[in-house]
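> Supplied in structure tokens, the structure appears directly below.
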Amino acid sequence: PYVIVMVGINGVGKSTSLAKIAYYLKCNGCNPLIAACDTFRSGAVEQLNVHANCLDVPLYHKGYAKDPSAVAKSAIAHATQEGHDVVLVDTAGRMQNNVPLMKALSKLVVENQPDLVLFVCEALVGNDGMDQLQMFEKALISGGHKRQIDGVVLTKFDTVSDKVGAALTLTQLSGAPVIFVGTGQKYNHLKKLSVPSVIQSLFS
């Protein structure tokens, strides 16, 4: 299966973005499996389970206090057996300076070799978003990951109106494209970034 790992700090809308991507994939003929690899934050598995039930997408989990990398590995094996073509891996929201959690994240990425690592952050975040992204990249690369973050998902994009600076800054400095922007609370509130509309709002 094609494996997508979602990373980002606490409270940016990572699990919701993952659910929106699951919905998007399902609408486009894929058969996704959600893997609950946030084995740290209390309530994380239950939150994903609510999304999974709403979307009618299966959830793979092993509960809490487990090695996230091992959970991801068994989720991928399970997906292979069950014929899922995409695995969406949720990870613990970390403050980018939490060393043990960052190490656990880089272990998950290095051991499972995902096809895509997506960094989730708020569209309003400004320069702090760049600091976050660089800390995540540094942690992954020091753990042995061979490439930078593959793409960015910007949440709460509907709240920024003409302040699209974060989109430009993150892409310019990291080279990672903005894959999706979240534009509301519903599962279908996920769009591809429209370059013309960004340029228009910069010049308006």
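Chain identifiers are assigned as A, B, and so on, following the order in which chains appear in the structure tokens; residues are numbered from 1 within each chain, and ligands are numbered from 1 in order of appearance.
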Enumerate as a ChimeraX atom specification all residues of stretch 78-124 of chain A assigned to alpha helix (DSSP H) by DSSP on the backbone, naming them with the chain letters and numbers the document uses.
/A:78-82,99-112
> Using the selection just defined, write its residues with N, CA, C and O atoms as a tab-separated table (two decimals), in the first residue's frame.

```tsv
chain	number	residue	atom	x	y	z
A	78	HIS	N	-1.28	-5.37	7.96
A	78	HIS	CA	-2.73	-5.63	7.98
A	78	HIS	C	-3.39	-5.10	6.70
A	78	HIS	O	-4.23	-5.77	6.10
A	79	ALA	N	-2.97	-3.90	6.29
A	79	ALA	CA	-3.53	-3.30	5.06
A	79	ALA	C	-3.21	-4.16	3.84
A	79	ALA	O	-4.06	-4.33	2.95
A	80	THR	N	-2.00	-4.70	3.81
A	80	THR	CA	-1.60	-5.56	2.69
A	80	THR	C	-2.50	-6.80	2.63
A	80	THR	O	-3.01	-7.16	1.57
A	81	GLN	N	-2.72	-7.41	3.80
A	81	GLN	CA	-3.58	-8.60	3.87
A	81	GLN	C	-5.02	-8.30	3.44
A	81	GLN	O	-5.65	-9.08	2.76
A	82	GLU	N	-5.52	-7.14	3.89
A	82	GLU	CA	-6.94	-6.83	3.69
A	82	GLU	C	-7.22	-6.11	2.36
A	82	GLU	O	-8.36	-5.76	2.07
A	99	VAL	N	12.17	16.01	22.84
A	99	VAL	CA	13.16	15.11	22.25
A	99	VAL	C	12.70	13.65	22.17
A	99	VAL	O	12.79	13.03	21.10
A	100	PRO	N	12.18	13.05	23.26
A	100	PRO	CA	11.79	11.63	23.16
A	100	PRO	C	10.70	11.39	22.11
A	100	PRO	O	10.77	10.42	21.36
A	101	LEU	N	9.72	12.28	22.04
A	101	LEU	CA	8.65	12.10	21.07
A	101	LEU	C	9.17	12.29	19.64
A	101	LEU	O	8.75	11.60	18.71
A	102	MET	N	10.08	13.24	19.46
A	102	MET	CA	10.65	13.45	18.12
A	102	MET	C	11.47	12.22	17.69
A	102	MET	O	11.45	11.82	16.54
A	103	LYS	N	12.16	11.61	18.66
A	103	LYS	CA	12.93	10.39	18.35
A	103	LYS	C	12.00	9.26	17.95
A	103	LYS	O	12.29	8.50	17.02
A	104	ALA	N	10.88	9.14	18.65
A	104	ALA	CA	9.90	8.09	18.34
A	104	ALA	C	9.33	8.31	16.94
A	104	ALA	O	9.11	7.36	16.19
A	105	LEU	N	9.14	9.58	16.59
A	105	LEU	CA	8.61	9.90	15.26
A	105	LEU	C	9.62	9.54	14.17
A	105	LEU	O	9.26	8.92	13.17
A	106	SER	N	10.88	9.91	14.37
A	106	SER	CA	11.87	9.62	13.33
A	106	SER	C	12.07	8.11	13.21
A	106	SER	O	12.25	7.59	12.11
A	107	LYS	N	11.95	7.39	14.32
A	107	LYS	CA	12.04	5.92	14.28
A	107	LYS	C	10.90	5.35	13.42
A	107	LYS	O	11.11	4.48	12.57
A	108	LEU	N	9.69	5.88	13.62
A	108	LEU	CA	8.53	5.42	12.84
A	108	LEU	C	8.76	5.64	11.35
A	108	LEU	O	8.54	4.75	10.53
A	109	VAL	N	9.25	6.84	11.02
A	109	VAL	CA	9.44	7.17	9.60
A	109	VAL	C	10.57	6.35	8.98
A	109	VAL	O	10.42	5.80	7.88
A	110	VAL	N	11.68	6.23	9.70
A	110	VAL	CA	12.84	5.52	9.14
A	110	VAL	C	12.54	4.02	9.00
A	110	VAL	O	12.86	3.40	7.99
A	111	GLU	N	11.87	3.44	9.99
A	111	GLU	CA	11.62	1.99	9.96
A	111	GLU	C	10.53	1.60	8.97
A	111	GLU	O	10.53	0.50	8.44
A	112	ASN	N	9.58	2.51	8.73
A	112	ASN	CA	8.45	2.15	7.87
A	112	ASN	C	8.52	2.73	6.46
A	112	ASN	O	7.69	2.39	5.61
```
> Give me the residues within 8 Å of A:Val7 as a ChimeraX atom specification, counting only C-alpha atoms and dropping any in the same chain fewer than 4 places off.
/A:14,90-93,117-120
> I'd like the neighbourhood of A:Thr169 as number ranges by chain, where a residue qualifies if any of its atoms comes within 9 Å (using only C-alpha atoms), though same-chain residues fewer than 2 positions away should be ignored.
A: 126-127, 129-130, 164-167, 171-174
> Give me a file of those residues, with N, CA, C and O atoms, as a PDB file, in the first residue's frame.

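And here is the file that came out, selection.pdb:
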```
ATOM      1  N   GLY A 126       2.528  31.874  10.579  1.00  0.00           N
ATOM      2  CA  GLY A 126       3.656  32.788  10.341  1.00  0.00           C
ATOM      3  C   GLY A 126       4.996  32.097  10.482  1.00  0.00           C
ATOM      4  O   GLY A 126       5.143  30.919  10.171  1.00  0.00           O
ATOM      5  N   ASN A 127       5.991  32.842  11.003  1.00  0.00           N
ATOM      6  CA  ASN A 127       7.369  32.311  11.048  1.00  0.00           C
ATOM      7  C   ASN A 127       7.521  31.102  11.952  1.00  0.00           C
ATOM      8  O   ASN A 127       8.408  30.283  11.761  1.00  0.00           O
ATOM      9  N   GLY A 129       5.747  28.589  12.051  1.00  0.00           N
ATOM     10  CA  GLY A 129       5.515  27.393  11.233  1.00  0.00           C
ATOM     11  C   GLY A 129       6.798  26.900  10.602  1.00  0.00           C
ATOM     12  O   GLY A 129       7.052  25.696  10.513  1.00  0.00           O
ATOM     13  N   MET A 130       7.629  27.851  10.182  1.00  0.00           N
ATOM     14  CA  MET A 130       8.905  27.487   9.571  1.00  0.00           C
ATOM     15  C   MET A 130       9.821  26.842  10.599  1.00  0.00           C
ATOM     16  O   MET A 130      10.485  25.843  10.313  1.00  0.00           O
ATOM     17  N   VAL A 164      -1.717  35.205   3.161  1.00  0.00           N
ATOM     18  CA  VAL A 164      -1.284  33.881   2.681  1.00  0.00           C
ATOM     19  C   VAL A 164       0.215  33.682   2.840  1.00  0.00           C
ATOM     20  O   VAL A 164       0.794  32.792   2.241  1.00  0.00           O
ATOM     21  N   GLY A 165       0.839  34.530   3.665  1.00  0.00           N
ATOM     22  CA  GLY A 165       2.295  34.492   3.825  1.00  0.00           C
ATOM     23  C   GLY A 165       2.840  33.133   4.203  1.00  0.00           C
ATOM     24  O   GLY A 165       3.869  32.704   3.689  1.00  0.00           O
ATOM     25  N   ALA A 166       2.151  32.424   5.122  1.00  0.00           N
ATOM     26  CA  ALA A 166       2.663  31.131   5.606  1.00  0.00           C
ATOM     27  C   ALA A 166       2.832  30.159   4.448  1.00  0.00           C
ATOM     28  O   ALA A 166       3.829  29.441   4.360  1.00  0.00           O
ATOM     29  N   ALA A 167       1.860  30.166   3.539  1.00  0.00           N
ATOM     30  CA  ALA A 167       1.910  29.246   2.396  1.00  0.00           C
ATOM     31  C   ALA A 167       3.174  29.489   1.587  1.00  0.00           C
ATOM     32  O   ALA A 167       3.892  28.559   1.213  1.00  0.00           O
ATOM     33  N   THR A 171       6.740  27.026   1.666  1.00  0.00           N
ATOM     34  CA  THR A 171       7.109  26.407   0.396  1.00  0.00           C
ATOM     35  C   THR A 171       8.465  26.902  -0.090  1.00  0.00           C
ATOM     36  O   THR A 171       9.316  26.128  -0.529  1.00  0.00           O
ATOM     37  N   GLN A 172       8.671  28.202   0.035  1.00  0.00           N
ATOM     38  CA  GLN A 172       9.923  28.810  -0.421  1.00  0.00           C
ATOM     39  C   GLN A 172      11.119  28.254   0.355  1.00  0.00           C
ATOM     40  O   GLN A 172      12.122  27.869  -0.229  1.00  0.00           O
ATOM     41  N   LEU A 173      11.000  28.194   1.661  1.00  0.00           N
ATOM     42  CA  LEU A 173      12.149  27.819   2.478  1.00  0.00           C
ATOM     43  C   LEU A 173      12.366  26.315   2.545  1.00  0.00           C
ATOM     44  O   LEU A 173      13.483  25.858   2.737  1.00  0.00           O
ATOM     45  N   SER A 174      11.293  25.533   2.403  1.00  0.00           N
ATOM     46  CA  SER A 174      11.449  24.084   2.565  1.00  0.00           C
ATOM     47  C   SER A 174      11.480  23.354   1.232  1.00  0.00           C
ATOM     48  O   SER A 174      11.934  22.220   1.150  1.00  0.00           O
TER      49      SER A 174
END
```
> Restricting the calculation to only C-alpha atoms, which member of A:Gly8, A:Cys27, A:Gly43, A:Pro1 is positioned closest to A:Asn188?
A:Cys27
> Can you work out the spacing between atom CA of A:Cys30 and atom CA of A:Lys192 in Å, to one decimal?
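Rounded to one decimal, the two atoms are 17.8 Å apart.
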> Could you please determine the separation between atom CA of A:Lys138 and atom CA of A:Met6 in Å, to one decimal place?
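Answer for the atom CA of A:Lys138 to atom CA of A:Met6 separation: 16.1 Å.
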> When distances are computed from only C-alpha atoms, which of A:Val181, A:Leu88, A:Val71, A:Val160 shows the smallest separation from A:Ala19?
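When distances to A:Ala19 are compared using only C-alpha atoms, the smallest one comes from A:Leu88.
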> Applying 10 Å and only C-alpha atoms, which residues near A:Pro32 remain after dropping the ones on its own chain fewer than 4 positions away? List them as a compact mmCIF listing (two decimals) with all heavy atoms, in the first residue's frame.

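Once everything was written out, this is out-v2.txt:
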```txt
# COMPACT_ATOMS: atom_id res chain seq x y z
N PRO A 1 0.82 -1.22 0.00
CA PRO A 1 0.00 0.00 0.00
C PRO A 1 0.85 1.27 0.00
O PRO A 1 2.01 1.23 0.38
CB PRO A 1 -0.81 -0.10 1.30
CG PRO A 1 -0.02 -1.01 2.18
CD PRO A 1 0.75 -1.94 1.29
N TYR A 2 0.24 2.35 -0.43
CA TYR A 2 0.89 3.66 -0.40
C TYR A 2 0.74 4.20 1.02
O TYR A 2 -0.37 4.25 1.55
CB TYR A 2 0.18 4.57 -1.41
CG TYR A 2 0.89 5.87 -1.69
CD1 TYR A 2 1.86 5.96 -2.68
CD2 TYR A 2 0.57 7.03 -0.98
CE1 TYR A 2 2.50 7.16 -2.95
CE2 TYR A 2 1.21 8.23 -1.23
CZ TYR A 2 2.17 8.29 -2.23
OH TYR A 2 2.81 9.48 -2.48
N VAL A 3 1.84 4.58 1.64
CA VAL A 3 1.80 4.97 3.07
C VAL A 3 2.03 6.47 3.23
O VAL A 3 3.02 7.01 2.72
CB VAL A 3 2.84 4.16 3.88
CG1 VAL A 3 2.81 4.58 5.35
CG2 VAL A 3 2.58 2.67 3.74
N ILE A 21 -8.46 13.76 4.37
CA ILE A 21 -7.72 13.11 3.29
C ILE A 21 -8.28 11.71 3.05
O ILE A 21 -8.41 11.27 1.90
CB ILE A 21 -6.20 13.09 3.60
CG1 ILE A 21 -5.65 14.53 3.55
CG2 ILE A 21 -5.45 12.20 2.61
CD1 ILE A 21 -4.20 14.67 4.00
N ALA A 22 -8.66 11.02 4.13
CA ALA A 22 -9.29 9.69 3.98
C ALA A 22 -10.58 9.82 3.16
O ALA A 22 -10.84 9.00 2.26
CB ALA A 22 -9.59 9.09 5.35
N TYR A 23 -11.36 10.85 3.46
CA TYR A 23 -12.61 11.10 2.72
C TYR A 23 -12.31 11.38 1.24
O TYR A 23 -12.94 10.84 0.34
CB TYR A 23 -13.34 12.28 3.36
CG TYR A 23 -14.59 12.72 2.62
CD1 TYR A 23 -15.80 12.02 2.77
CD2 TYR A 23 -14.57 13.83 1.78
CE1 TYR A 23 -16.94 12.42 2.09
CE2 TYR A 23 -15.71 14.23 1.09
CZ TYR A 23 -16.90 13.52 1.25
OH TYR A 23 -18.02 13.91 0.56
N TYR A 24 -11.30 12.21 1.01
CA TYR A 24 -10.89 12.58 -0.36
C TYR A 24 -10.46 11.33 -1.13
O TYR A 24 -10.86 11.12 -2.27
CB TYR A 24 -9.73 13.59 -0.27
CG TYR A 24 -9.10 13.95 -1.60
CD1 TYR A 24 -9.63 14.95 -2.40
CD2 TYR A 24 -7.95 13.28 -2.04
CE1 TYR A 24 -9.04 15.28 -3.62
CE2 TYR A 24 -7.36 13.60 -3.25
CZ TYR A 24 -7.90 14.60 -4.04
OH TYR A 24 -7.32 14.92 -5.24
N LEU A 25 -9.67 10.48 -0.49
CA LEU A 25 -9.19 9.26 -1.15
C LEU A 25 -10.34 8.32 -1.46
O LEU A 25 -10.42 7.74 -2.54
CB LEU A 25 -8.16 8.55 -0.25
CG LEU A 25 -6.81 9.26 -0.09
CD1 LEU A 25 -6.01 8.64 1.04
CD2 LEU A 25 -6.01 9.24 -1.39
N LYS A 26 -11.25 8.20 -0.49
CA LYS A 26 -12.39 7.30 -0.67
C LYS A 26 -13.27 7.78 -1.83
O LYS A 26 -13.74 6.99 -2.64
CB LYS A 26 -13.19 7.25 0.64
CG LYS A 26 -14.01 6.00 0.77
CD LYS A 26 -14.71 5.89 2.10
CE LYS A 26 -15.78 4.82 1.96
NZ LYS A 26 -16.59 4.66 3.13
N VAL A 57 -14.50 4.09 7.31
CA VAL A 57 -13.14 3.68 6.93
C VAL A 57 -12.58 2.90 8.12
O VAL A 57 -12.73 3.35 9.27
CB VAL A 57 -12.25 4.93 6.65
CG1 VAL A 57 -10.78 4.53 6.55
CG2 VAL A 57 -12.69 5.63 5.38
N PRO A 58 -11.98 1.73 7.90
CA PRO A 58 -11.48 0.96 9.05
C PRO A 58 -10.31 1.65 9.76
O PRO A 58 -9.52 2.36 9.14
CB PRO A 58 -11.05 -0.37 8.44
CG PRO A 58 -10.90 -0.12 6.98
CD PRO A 58 -11.78 1.02 6.62
N LEU A 59 -10.26 1.43 11.08
CA LEU A 59 -9.20 1.99 11.91
C LEU A 59 -8.39 0.84 12.50
O LEU A 59 -8.95 -0.11 13.04
CB LEU A 59 -9.82 2.82 13.05
CG LEU A 59 -8.83 3.35 14.10
CD1 LEU A 59 -7.97 4.47 13.52
CD2 LEU A 59 -9.57 3.85 15.34
N ALA A 79 -2.97 -3.90 6.29
CA ALA A 79 -3.53 -3.30 5.06
C ALA A 79 -3.21 -4.16 3.84
O ALA A 79 -4.06 -4.33 2.95
CB ALA A 79 -2.96 -1.89 4.87
N GLY A 83 -6.16 -5.83 1.61
CA GLY A 83 -6.35 -5.21 0.30
C GLY A 83 -6.59 -3.71 0.32
O GLY A 83 -7.21 -3.15 -0.60
N HIS A 84 -6.09 -3.02 1.35
CA HIS A 84 -6.19 -1.55 1.36
C HIS A 84 -5.04 -0.99 0.53
O HIS A 84 -3.92 -1.46 0.62
CB HIS A 84 -6.11 -1.02 2.80
CG HIS A 84 -7.26 -1.43 3.64
ND1 HIS A 84 -8.50 -0.85 3.53
CD2 HIS A 84 -7.37 -2.40 4.58
CE1 HIS A 84 -9.33 -1.45 4.38
NE2 HIS A 84 -8.66 -2.39 5.03
N ASP A 85 -5.35 0.04 -0.28
CA ASP A 85 -4.28 0.56 -1.15
C ASP A 85 -3.58 1.79 -0.58
O ASP A 85 -2.55 2.21 -1.07
CB ASP A 85 -4.82 0.85 -2.56
CG ASP A 85 -6.13 1.63 -2.55
OD1 ASP A 85 -6.51 2.13 -1.48
OD2 ASP A 85 -6.76 1.73 -3.61
N VAL A 86 -4.14 2.37 0.51
CA VAL A 86 -3.49 3.52 1.16
C VAL A 86 -3.58 3.35 2.67
O VAL A 86 -4.63 2.95 3.19
CB VAL A 86 -4.17 4.87 0.80
CG1 VAL A 86 -3.36 6.05 1.37
CG2 VAL A 86 -4.34 5.04 -0.69
N VAL A 87 -2.48 3.63 3.38
CA VAL A 87 -2.50 3.67 4.84
C VAL A 87 -2.20 5.09 5.29
O VAL A 87 -1.19 5.67 4.88
CB VAL A 87 -1.46 2.70 5.45
CG1 VAL A 87 -1.50 2.76 6.98
CG2 VAL A 87 -1.68 1.28 4.97
N LEU A 88 -3.10 5.66 6.10
CA LEU A 88 -2.92 7.01 6.64
C LEU A 88 -2.50 6.88 8.10
O LEU A 88 -3.27 6.37 8.92
CB LEU A 88 -4.23 7.80 6.54
CG LEU A 88 -4.64 8.21 5.13
CD1 LEU A 88 -6.12 8.56 5.10
CD2 LEU A 88 -3.82 9.41 4.65
```
> In Å, with one decimal, what is the gap from atom CA of A:Arg41 to atom CA of A:Asp131?
22.8 Å
